[in-house]
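Okay, structure first, notes after.
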Amino acid sequence: MLLVLAVKILVLGGCMLPIAFGTLGTGILFGCYNLAVSRNPEEVENLFNTTLMGFALMETFIFISFVVGFVIYAL
């Protein structure tokens, strides 16, 4: 029983890794957005919409990881 609890806690910790990679990806995404706007200022609206869609996709995977981690921990 104790071993199962230990494995569940390790899985929950592993499901927190997307937070680290999500913050790294957010920094890269918005940094590249700034670079793209400085090179092509007339496409600001299109670039911003695309950047926000990428950010929403990253956040979706982070939230799915939370849900999977807590479902595994609850079982």
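Identifiers in this document derive from the order of the structure tokens: chains are assigned A, B, ..., residues are numbered from 1 separately in each chain, and ligands are numbered from 1 in order of occurrence.
Residues within 12 Å of segment 71-74 of chain A, counting only C-alpha atoms and excluding same-chain residues fewer than 4 positions away, are Val4, Leu5, Ala6, Val7, Lys8, Ile9, Leu10, Val11, Leu12, Gly13, Gly14, Cys15, Ile64, Ser65, Phe66 and Val67 of chain A.
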Prev. selection, N, CA, C and O atoms, output as an mmCIF file, in the first residue's frame:
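Produced file again_31.cif, reproduced below:
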data_model
loop_
_atom_site.group_PDB
_atom_site.id
_atom_site.type_symbol
_atom_site.label_atom_id
_atom_site.label_comp_id
_atom_site.auth_asym_id
_atom_site.auth_seq_id
_atom_site.Cartn_x
_atom_site.Cartn_y
_atom_site.Cartn_z
ATOM 1 N N VAL A 4 2.373 1.882 -3.466
ATOM 2 C CA VAL A 4 1.417 2.443 -4.408
ATOM 3 C C VAL A 4 1.290 3.949 -4.189
ATOM 4 O O VAL A 4 1.250 4.738 -5.137
ATOM 5 N N LEU A 5 1.260 4.365 -2.930
ATOM 6 C CA LEU A 5 1.185 5.790 -2.620
ATOM 7 C C LEU A 5 2.439 6.519 -3.097
ATOM 8 O O LEU A 5 2.349 7.621 -3.651
ATOM 9 N N ALA A 6 3.595 5.891 -2.932
ATOM 10 C CA ALA A 6 4.842 6.504 -3.390
ATOM 11 C C ALA A 6 4.851 6.672 -4.910
ATOM 12 O O ALA A 6 5.271 7.711 -5.429
ATOM 13 N N VAL A 7 4.370 5.669 -5.619
ATOM 14 C CA VAL A 7 4.324 5.755 -7.082
ATOM 15 C C VAL A 7 3.322 6.819 -7.525
ATOM 16 O O VAL A 7 3.586 7.571 -8.470
ATOM 17 N N LYS A 8 2.198 6.925 -6.832
ATOM 18 C CA LYS A 8 1.221 7.953 -7.173
ATOM 19 C C LYS A 8 1.797 9.350 -6.981
ATOM 20 O O LYS A 8 1.579 10.248 -7.799
ATOM 21 N N ILE A 9 2.552 9.544 -5.926
ATOM 22 C CA ILE A 9 3.159 10.855 -5.686
ATOM 23 C C ILE A 9 4.216 11.152 -6.742
ATOM 24 O O ILE A 9 4.340 12.288 -7.208
ATOM 25 N N LEU A 10 4.974 10.142 -7.150
ATOM 26 C CA LEU A 10 5.960 10.349 -8.217
ATOM 27 C C LEU A 10 5.283 10.698 -9.541
ATOM 28 O O LEU A 10 5.769 11.549 -10.289
ATOM 29 N N VAL A 11 4.172 10.045 -9.850
ATOM 30 C CA VAL A 11 3.430 10.353 -11.080
ATOM 31 C C VAL A 11 2.884 11.769 -11.015
ATOM 32 O O VAL A 11 2.931 12.516 -11.994
ATOM 33 N N LEU A 12 2.372 12.174 -9.849
ATOM 34 C CA LEU A 12 1.867 13.533 -9.689
ATOM 35 C C LEU A 12 2.992 14.547 -9.871
ATOM 36 O O LEU A 12 2.797 15.583 -10.509
ATOM 37 N N GLY A 13 4.170 14.238 -9.355
ATOM 38 C CA GLY A 13 5.316 15.120 -9.570
ATOM 39 C C GLY A 13 5.722 15.172 -11.031
ATOM 40 O O GLY A 13 6.102 16.234 -11.545
ATOM 41 N N GLY A 14 5.638 14.040 -11.720
ATOM 42 C CA GLY A 14 5.953 14.028 -13.148
ATOM 43 C C GLY A 14 4.953 14.805 -13.978
ATOM 44 O O GLY A 14 5.302 15.370 -15.011
ATOM 45 N N CYS A 15 3.719 14.849 -13.521
ATOM 46 C CA CYS A 15 2.705 15.620 -14.240
ATOM 47 C C CYS A 15 2.878 17.125 -14.043
ATOM 48 O O CYS A 15 2.227 17.913 -14.719
ATOM 49 N N ILE A 64 -4.568 19.757 -18.955
ATOM 50 C CA ILE A 64 -4.821 18.326 -19.131
ATOM 51 C C ILE A 64 -3.846 17.514 -18.279
ATOM 52 O O ILE A 64 -4.224 16.506 -17.681
ATOM 53 N N SER A 65 -2.609 17.960 -18.181
ATOM 54 C CA SER A 65 -1.640 17.275 -17.340
ATOM 55 C C SER A 65 -2.044 17.330 -15.874
ATOM 56 O O SER A 65 -1.899 16.346 -15.135
ATOM 57 N N PHE A 66 -2.557 18.487 -15.423
ATOM 58 C CA PHE A 66 -3.068 18.582 -14.053
ATOM 59 C C PHE A 66 -4.180 17.575 -13.813
ATOM 60 O O PHE A 66 -4.189 16.856 -12.811
ATOM 61 N N VAL A 67 -5.123 17.514 -14.726
ATOM 62 C CA VAL A 67 -6.279 16.632 -14.563
ATOM 63 C C VAL A 67 -5.837 15.173 -14.531
ATOM 64 O O VAL A 67 -6.277 14.401 -13.666
#
Find the residues near Met58 of chain A: any atom within 9 Å, counting only C-alpha atoms, skip ones fewer than 4 places away on the same chain, and give them as a ChimeraX atom specification. /A:18,22,25-26,53-54,62-63
May I ask for the distance between atom CA of Thr23 of chain A and atom CA of Asn49 of chain A, given in Å to one decimal place? 19.1 Å
Separation of atom CA of Thr51 of chain A from atom CA of Leu29 of chain A in Å: 6.8 Å
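Nearest residue to Ile19 of chain A, choosing from A:Thr60, A:Phe70, A:Ala36, A:Met1 and counting only C-alpha atoms: A:Thr60.
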What does the distance from atom CA of Phe30 of chain A to atom CA of Gly69 of chain A come to in Å, to one decimal? 27.7 Å
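Considering the residues A:Val44, A:Arg39, A:Leu2, A:Phe55 and counting only C-alpha atoms, Gly27 of chain A has its shortest atom-to-atom contact with A:Phe55.
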